[in-house]
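The data block below is coords_24.cif; it holds mmCIF, C-alpha atoms.
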```
data_target
#
loop_
_atom_site.label_atom_id
_atom_site.label_comp_id
_atom_site.auth_asym_id
_atom_site.auth_seq_id
_atom_site.Cartn_x
_atom_site.Cartn_y
_atom_site.Cartn_z
CA MET A 1203 161.90 57.88 217.56
CA LYS A 1204 159.67 55.92 219.95
CA GLU A 1205 158.15 59.18 221.21
CA LYS A 1206 157.23 60.19 217.65
CA PHE A 1207 154.10 59.41 215.65
CA MET A 1208 154.24 58.13 212.11
CA ILE A 1209 151.41 59.42 209.90
CA GLY A 1210 149.61 56.08 209.96
CA GLU A 1211 149.71 55.93 213.76
CA LEU A 1212 148.32 59.44 214.06
CA ALA A 1213 145.55 58.69 211.58
CA LYS A 1214 144.46 55.57 213.50
CA LEU A 1215 144.39 57.41 216.81
CA PHE A 1216 141.92 59.98 215.47
CA ASN A 1217 140.12 57.58 213.13
CA ILE A 1218 140.85 59.71 210.07
CA SER A 1219 142.65 58.93 206.83
CA THR A 1220 146.29 59.63 206.12
CA ASP A 1221 145.07 61.66 203.14
CA THR A 1222 143.30 64.00 205.56
CA ILE A 1223 146.53 64.60 207.47
CA ARG A 1224 148.42 65.16 204.21
CA HIS A 1225 145.72 67.65 203.19
CA TYR A 1226 146.24 69.57 206.43
CA ASP A 1227 149.96 69.58 205.61
CA LYS A 1228 149.32 71.08 202.15
CA LYS A 1229 147.08 73.74 203.71
CA GLY A 1230 149.82 74.70 206.16
CA LEU A 1231 147.92 73.56 209.25
CA LEU A 1232 149.97 70.61 210.44
CA LYS A 1233 153.52 70.35 209.13
CA PRO A 1234 155.41 67.11 209.89
CA GLN A 1235 159.03 67.01 210.92
CA CYS A 1236 161.53 65.16 208.79
CA ASN A 1237 164.33 62.80 209.84
CA LYS A 1238 167.41 63.83 207.83
CA ASP A 1239 168.90 60.34 208.06
CA ASN A 1240 166.05 58.39 206.49
CA SER A 1241 163.71 61.13 205.21
CA TYR A 1242 160.89 59.73 207.35
CA ARG A 1243 158.19 62.26 208.15
CA TYR A 1244 156.91 62.17 211.69
CA TYR A 1245 154.85 64.07 214.25
CA ASP A 1246 155.59 64.70 217.91
CA VAL A 1247 153.29 64.92 220.94
CA ARG A 1248 152.76 68.65 220.35
CA ASP A 1249 151.48 67.85 216.86
CA PHE A 1250 149.13 65.29 218.40
CA PHE A 1251 147.45 67.98 220.50
CA LYS A 1252 147.47 70.43 217.61
CA LEU A 1253 145.65 67.93 215.40
CA SER A 1254 143.05 67.40 218.12
CA ARG A 1255 142.37 71.16 218.11
CA ILE A 1256 142.11 71.25 214.32
CA LEU A 1257 139.59 68.39 214.41
CA PHE A 1258 137.66 70.19 217.17
CA PHE A 1259 137.35 73.29 215.01
CA LYS A 1260 136.39 71.13 212.02
CA SER A 1261 133.64 69.53 214.13
CA LEU A 1262 132.24 73.06 214.53
CA ASP A 1263 132.20 73.36 210.73
CA ILE A 1264 134.84 76.08 210.79
CA SER A 1265 136.67 76.41 207.49
CA LEU A 1266 140.30 75.38 207.12
CA GLU A 1267 141.15 78.93 206.10
CA ASP A 1268 139.70 80.33 209.34
CA ILE A 1269 141.46 77.63 211.35
CA LYS A 1270 144.78 78.44 209.67
CA ASN A 1271 144.39 82.16 210.33
CA TYR A 1272 143.64 81.48 213.97
CA LEU A 1273 146.56 79.05 214.42
CA HIS A 1274 148.93 81.69 213.08
CA ASN A 1275 147.71 84.19 215.68
CA LYS A 1276 146.43 82.27 218.68
CA ASN A 1277 145.04 84.12 221.68
CA THR A 1278 141.87 84.12 223.74
CA GLU A 1279 140.43 87.19 222.02
CA ASN A 1280 140.85 85.66 218.57
CA LEU A 1281 139.42 82.37 219.85
CA LEU A 1282 136.28 84.16 221.04
CA VAL A 1283 136.00 86.04 217.74
CA LEU A 1284 136.25 82.76 215.85
CA LEU A 1285 133.67 81.01 218.03
CA LYS A 1286 131.21 83.92 218.04
CA LYS A 1287 131.43 84.19 214.26
CA LYS A 1288 130.56 80.51 213.98
CA GLU A 1289 127.81 80.87 216.57
CA LYS A 1290 126.19 83.57 214.42
CA GLU A 1291 126.45 81.40 211.32
CA ALA A 1292 125.01 78.41 213.20
CA HIS A 1293 122.07 80.50 214.44
CA ALA A 1294 121.30 81.61 210.88
CA LYS A 1295 121.37 77.98 209.74
CA VAL A 1296 119.06 76.92 212.57
CA GLN A 1297 116.61 79.65 211.55
CA HIS A 1298 116.83 78.53 207.93
CA TRP A 1299 116.24 74.86 208.74
CA SER A 1300 113.43 75.71 211.15
CA ALA A 1301 111.68 77.73 208.43
CA LEU A 1302 112.28 74.90 205.96
CA GLU A 1303 110.78 72.37 208.37
CA ASN A 1304 107.70 74.58 208.82
CA LYS A 1305 107.24 74.90 205.05
CA ILE A 1306 107.41 71.13 204.65
CA LYS A 1307 104.97 70.55 207.53
CA THR A 1308 102.59 73.15 206.09
CA LYS A 1309 102.52 71.47 202.68
CA ILE A 1310 101.98 68.03 204.24
CA GLN A 1311 99.13 69.34 206.41
CA ILE A 1312 97.46 71.08 203.45
CA ILE A 1313 97.54 67.92 201.32
CA GLU A 1314 96.44 65.55 204.09
CA SER A 1315 93.66 67.88 205.26
CA ALA A 1316 92.31 68.22 201.72
CA GLN A 1317 92.43 64.46 201.18
CA LYS A 1318 90.50 63.84 204.40
CA ASP A 1319 87.67 66.23 203.48
CA LEU A 1320 87.23 65.32 199.80
CA ASP A 1321 83.81 66.23 198.33
CA ILE A 1322 82.47 67.46 201.67
CA VAL A 1323 81.15 71.02 201.93
CA ARG A 1324 82.43 72.66 205.08
CA LEU A 1325 82.20 76.12 206.60
CA LYS A 1326 85.60 77.49 207.58
CA MET A 1327 86.49 80.67 209.41
CA MET A 1328 89.34 82.13 207.37
CA PRO A 1329 91.70 84.82 208.66
CA ALA A 1330 92.06 88.16 206.93
CA ARG A 1331 94.25 87.91 203.85
CA SER A 1332 95.81 90.45 201.56
CA GLY A 1333 96.84 90.26 197.94
CA ILE A 1334 96.09 91.24 194.39
CA PHE A 1335 93.82 89.77 191.73
CA LEU A 1336 95.25 89.52 188.21
CA ARG A 1337 92.45 88.99 185.69
CA ILE A 1338 93.09 86.76 182.67
CA GLU A 1339 91.00 87.69 179.64
CA GLN A 1340 92.39 84.99 177.36
CA LYS A 1341 93.57 82.15 179.59
CA ASP A 1342 95.24 80.32 176.68
CA ASP A 1343 97.18 83.41 175.62
CA HIS A 1344 100.64 82.69 177.03
CA TYR A 1345 101.97 86.08 175.95
CA GLU A 1346 99.27 87.85 177.96
CA THR A 1347 100.00 85.64 180.98
CA LYS A 1348 103.75 86.27 180.74
CA LYS A 1349 103.22 90.04 180.44
CA MET A 1350 100.83 90.05 183.38
CA PHE A 1351 103.34 88.32 185.65
CA SER A 1352 106.22 90.46 184.38
CA ASP A 1353 104.25 93.63 185.08
CA ASN A 1354 103.65 92.44 188.65
CA LYS A 1355 107.01 90.79 189.31
CA GLN A 1356 107.49 92.79 192.53
CA TYR A 1357 104.77 90.64 194.11
CA ILE A 1358 105.78 87.16 192.95
CA ALA A 1359 108.90 86.65 195.09
CA MET A 1360 107.05 87.61 198.29
CA SER A 1361 103.85 85.70 197.56
CA SER A 1362 102.44 82.73 199.45
CA TRP A 1363 102.93 80.68 196.27
CA LEU A 1364 106.53 80.13 197.35
CA VAL A 1365 105.59 79.46 200.98
CA ASP A 1366 102.70 77.03 200.51
CA GLY A 1367 103.70 75.59 197.14
CA GLN A 1368 100.25 76.10 195.66
CA ILE A 1369 98.78 78.46 193.08
CA TYR A 1370 95.66 80.48 193.89
CA THR A 1371 93.08 81.33 191.25
CA SER A 1372 89.74 83.06 191.62
CA LEU A 1373 86.31 83.70 190.10
CA GLU A 1374 84.59 87.06 190.53
CA LYS A 1375 81.42 87.27 192.62
CA GLU A 1376 79.30 88.43 189.67
CA ASP A 1377 80.41 85.45 187.56
CA LEU A 1378 79.67 83.03 190.40
CA GLU A 1379 76.13 84.37 190.70
CA LYS A 1380 75.64 84.04 186.92
CA GLY A 1381 77.07 80.52 186.78
CA ILE A 1382 80.05 81.58 184.67
CA PHE A 1383 82.99 79.40 185.64
CA ASN A 1384 85.45 79.83 182.77
CA LYS A 1385 86.76 83.34 183.52
CA PHE A 1386 89.35 83.40 186.22
CA SER A 1387 91.96 85.58 187.86
CA TYR A 1388 95.18 84.68 189.62
CA PHE A 1389 95.18 85.62 193.28
CA ILE A 1390 98.62 86.47 194.68
CA GLU A 1391 98.45 86.39 198.46
CA LEU A 1392 100.93 88.72 200.12
CA PRO A 1393 102.10 89.23 203.72
CA PHE A 1394 100.72 92.19 205.64
CA THR A 1395 103.05 95.20 205.70
CA GLU A 1396 102.80 98.75 206.99
CA ASP A 1397 102.47 100.05 203.44
CA ILE A 1398 99.71 97.67 202.49
CA LEU A 1399 96.87 100.17 202.91
CA LYS A 1400 98.70 102.69 200.73
CA SER A 1401 98.85 100.37 197.72
CA ASP A 1402 96.45 98.65 195.35
CA ILE A 1403 96.59 95.49 197.44
CA ILE A 1404 93.17 94.17 198.41
CA ILE A 1405 92.26 93.05 201.92
CA LEU A 1406 90.06 89.96 202.11
CA PRO A 1407 88.34 90.33 205.50
CA LYS A 1408 88.20 87.60 208.09
CA GLY A 1409 85.01 85.62 207.72
CA GLU A 1410 83.20 82.41 206.89
CA TYR A 1411 83.89 80.56 203.67
CA ALA A 1412 81.96 77.64 202.21
CA CYS A 1413 84.67 75.22 201.08
CA ILE A 1414 84.97 71.99 199.16
CA SER A 1415 88.07 70.05 198.18
CA PHE A 1416 88.11 67.50 195.40
CA LEU A 1417 90.30 65.14 193.43
CA GLY A 1418 90.57 65.29 189.65
CA PRO A 1419 91.23 67.45 186.59
CA TYR A 1420 90.50 71.16 186.37
CA ARG A 1421 87.86 70.59 183.71
CA GLU A 1422 85.71 69.15 186.52
CA MET A 1423 86.04 72.36 188.53
CA HIS A 1424 82.66 73.74 187.43
CA LYS A 1425 80.81 70.70 188.83
CA HIS A 1426 82.17 71.40 192.29
CA TYR A 1427 81.34 75.09 191.98
CA GLU A 1428 77.75 74.06 191.21
CA ILE A 1429 77.66 71.77 194.25
CA LEU A 1430 79.04 74.51 196.46
CA ILE A 1431 76.73 77.26 195.19
CA HIS A 1432 73.72 74.91 195.53
CA TRP A 1433 74.74 74.21 199.14
CA ILE A 1434 75.12 77.94 199.88
CA SER A 1435 71.64 78.68 198.55
CA ASN A 1436 69.96 75.74 200.31
CA HIS A 1437 71.50 76.55 203.70
CA GLY A 1438 70.43 80.18 203.81
CA TYR A 1439 73.72 81.86 202.90
CA LYS A 1440 74.67 84.41 200.26
CA ILE A 1441 77.95 84.93 198.40
CA THR A 1442 79.81 88.02 199.58
CA GLY A 1443 82.95 88.11 197.42
CA ASN A 1444 85.29 86.45 194.94
CA SER A 1445 86.13 82.80 195.30
CA ILE A 1446 89.61 81.50 196.07
CA GLU A 1447 90.77 78.32 194.37
CA LYS A 1448 93.75 76.58 195.96
CA ASN A 1449 95.54 74.36 193.46
CA ILE A 1450 97.16 72.16 196.11
CA VAL A 1451 98.47 69.40 193.84
CA ASP A 1452 98.62 70.34 190.17
CA TYR A 1453 100.47 69.28 187.01
CA ASP A 1454 103.79 70.43 188.46
CA PHE A 1455 103.36 67.99 191.37
CA SER A 1456 101.75 65.02 189.60
CA ASP A 1457 101.68 63.69 186.05
CA SER A 1458 98.20 62.27 186.58
CA GLU A 1459 95.17 64.56 186.38
CA GLU A 1460 93.35 62.11 188.64
CA GLU A 1461 95.73 63.04 191.46
CA TYR A 1462 95.18 66.80 191.24
CA ILE A 1463 93.83 68.21 194.51
CA SER A 1464 91.96 71.51 194.53
CA GLU A 1465 89.96 73.42 197.12
CA ILE A 1466 87.33 76.03 196.35
CA GLN A 1467 86.59 78.69 198.97
CA ILE A 1468 83.61 81.06 198.59
CA PRO A 1469 83.06 83.84 201.16
CA VAL A 1470 79.52 83.71 202.54
CA MET A 1471 77.19 85.40 205.02
CA LYS A 1472 74.06 84.03 206.66
CA ILE A 1473 70.88 85.62 205.32
CA LYS A 1474 68.89 87.07 208.22
#
```
Take the structure I supplied and represent it as structure tokens, if you would.
Amino acid sequence: MKEKFMIGELAKLFNISTDTIRHYDKKGLLKPQCNKDNSYRYYDVRDFFKLSRILFFKSLDISLEDIKNYLHNKNTENLLVLLKKKEKEAHAKVQHWSALENKIKTKIQIIESAQKDLDIVRLKMMPARSGIFLRIEQKDDHYETKKMFSDNKQYIAMSSWLVDGQIYTSLEKEDLEKGIFNKFSYFIELPFTEDILKSDIIILPKGEYACISFLGPYREMHKHYEILIHWISNHGYKITGNSIEKNIVDYDFSDSEEEYISEIQIPVMKIK
């Protein structure tokens, strides 16, 4: 029996628990031999190498079921099939985690950039954007809001709301010019597609926007609109379209209104 491995010896060699080896036994992956004289269960050198292969496959995150199927029909072709299947799964996971990392970085950059530029009016060149405006007539009417989103549910899942983690609202150009700041629409930004020009989706052209970010509750929003519109007028610009409000940190991200971060963007053009 000196050439045999007891379960404890095998576990120590591979730095795993005896429960793990027993689990592989129950799954039909690594069956011990049994001494008829003393009922001791033991493993031979061949089992040692077999366990090393099982642990190799486990290190590749291959399921026990796939490992078992392969061990019952081992050949080079099946080995390549098993490895290529896992390679495809790994690639998909890498893509997923890469996209997740980019989403996290984007949200961090948006928050930190807004914090750095608080209460400063800046001109920004914004890229072309596409989306739809959903006008709210009674902003406190939750039934109307629910119906509006339900009627446009095809846009929600593909909107930038889920990418950037911020809600966009908007004031119409005519209301901005009249100083009316309590009528707003939701703006749902959508990715460009080939069918975009065939739908009711609106294209916001690339251009300059006068922007200001600020800290505090939404009820202070009108004060920052006034600052921004005053700046636009005094610097020889005119408003050319609807505003975009980016609710970067809102009540779903902070319990304190004083920590809300918003940015107002108004499209402008220099008066010649």
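For the set A:Ile1450, A:Ile1223, A:Ile1431, A:Leu1302, the residue with the smallest atom-to-atom gap to A:Trp1363 is A:Ile1450, counting only C-alpha atoms.
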- Task: Taking the file above as input, evaluate the PyMOL selection byres ((chain A and resi 1467) around 12) and report the hits as number ranges by chain.
- Result: A: 1323-1328, 1370-1373, 1375, 1378, 1409-1416, 1426-1427, 1430-1431, 1434, 1441-1449, 1464-1466, 1468-1470
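Of the listed residues (A:Lys1440, A:Lys1305, A:Lys1474, A:Lys1276), A:Lys1305 comes nearest to A:Gln1368; the distances count only C-alpha atoms.
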- Note on the structure: Counting only C-alpha atoms, the residue among A:Leu1336, A:Leu1257, A:Ile1313, A:Met1208 that lies closest to A:Asp1353 is A:Leu1336
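Coordinates place atom CA of A:Met1471 at a distance of 19.0 Å from atom CA of A:Ile1322.
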Padding 6 Å on every side, please: axis-aligned box over the listed atoms of stretch 1418-1429 of chain A, centre and edge lengths to one decimal in Å, as JSON.
```
{"center_x": 84.4, "center_y": 70.2, "center_z": 189.0, "size_x": 25.6, "size_y": 21.8, "size_z": 22.5}
```
- Just how far from atom CA of A:Glu1374 is atom CA of A:Glu1339, in Å to one decimal? 12.7 Å
- Message: Neighbouring residues of A:Glu1267 were defined as those with any atom within 10 Å, considering only C-alpha atoms; residues of the same chain fewer than 5 positions away were excluded. Please report them as a list of chain:residue names.
- Response: A:Lys1229, A:Gly1230, A:Leu1231, A:Tyr1272, A:Leu1273
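Taking only C-alpha atoms into account, A:Tyr1439 lies nearest to A:Lys1472 out of the set A:Phe1455, A:Leu1262, A:Lys1472, A:Met1360.
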- Item | Å distance separating atom CA of A:Asn1271 from atom CA of A:His1225, one decimal place | 16.2 Å
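Nearest to A:His1274 of all the residues A:Ile1310, A:Ala1292, A:Val1247, A:Leu1232 is A:Leu1232, based on all atoms listed in the file.
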- Message: Please return as a PyMOL selection string every residue within 12 Å of (153.0, 65.2, 216.0), taking into account all atoms listed in the file and the file's own coordinates.
- Response: chain A and resi 1203+1205-1213+1215+1223+1227+1231-1236+1243-1254
- Picked residues, the PyMOL selection byres ((chain A and resi 1338) around 8), expected as a PyMOL selection string: chain A and resi 1336-1337+1339-1341+1346-1347+1385-1388
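All residues that come within 9 Å of the coordinates (90.2, 93.7, 201.4), counting only C-alpha atoms, are given as Ala1330, Arg1331, Ser1332, Gly1333, Ile1403, Ile1404, Ile1405, Leu1406 and Pro1407 of chain A.
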Write the residues of the selection above to a file with C-alpha atoms, as a compact mmCIF listing (two decimals), keeping the file's coordinate frame.
```txt
# COMPACT_ATOMS: atom_id res chain seq x y z
CA ALA A 1330 92.06 88.16 206.93
CA ARG A 1331 94.25 87.91 203.85
CA SER A 1332 95.81 90.45 201.56
CA GLY A 1333 96.84 90.26 197.94
CA ILE A 1403 96.59 95.49 197.44
CA ILE A 1404 93.17 94.17 198.41
CA ILE A 1405 92.26 93.05 201.92
CA LEU A 1406 90.06 89.96 202.11
CA PRO A 1407 88.34 90.33 205.50
```
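The residue that comes closest to A:Ile1369, out of A:Trp1299, A:Tyr1453, A:Trp1433, A:Tyr1345 and on the basis of all atoms listed in the file, is A:Tyr1453.
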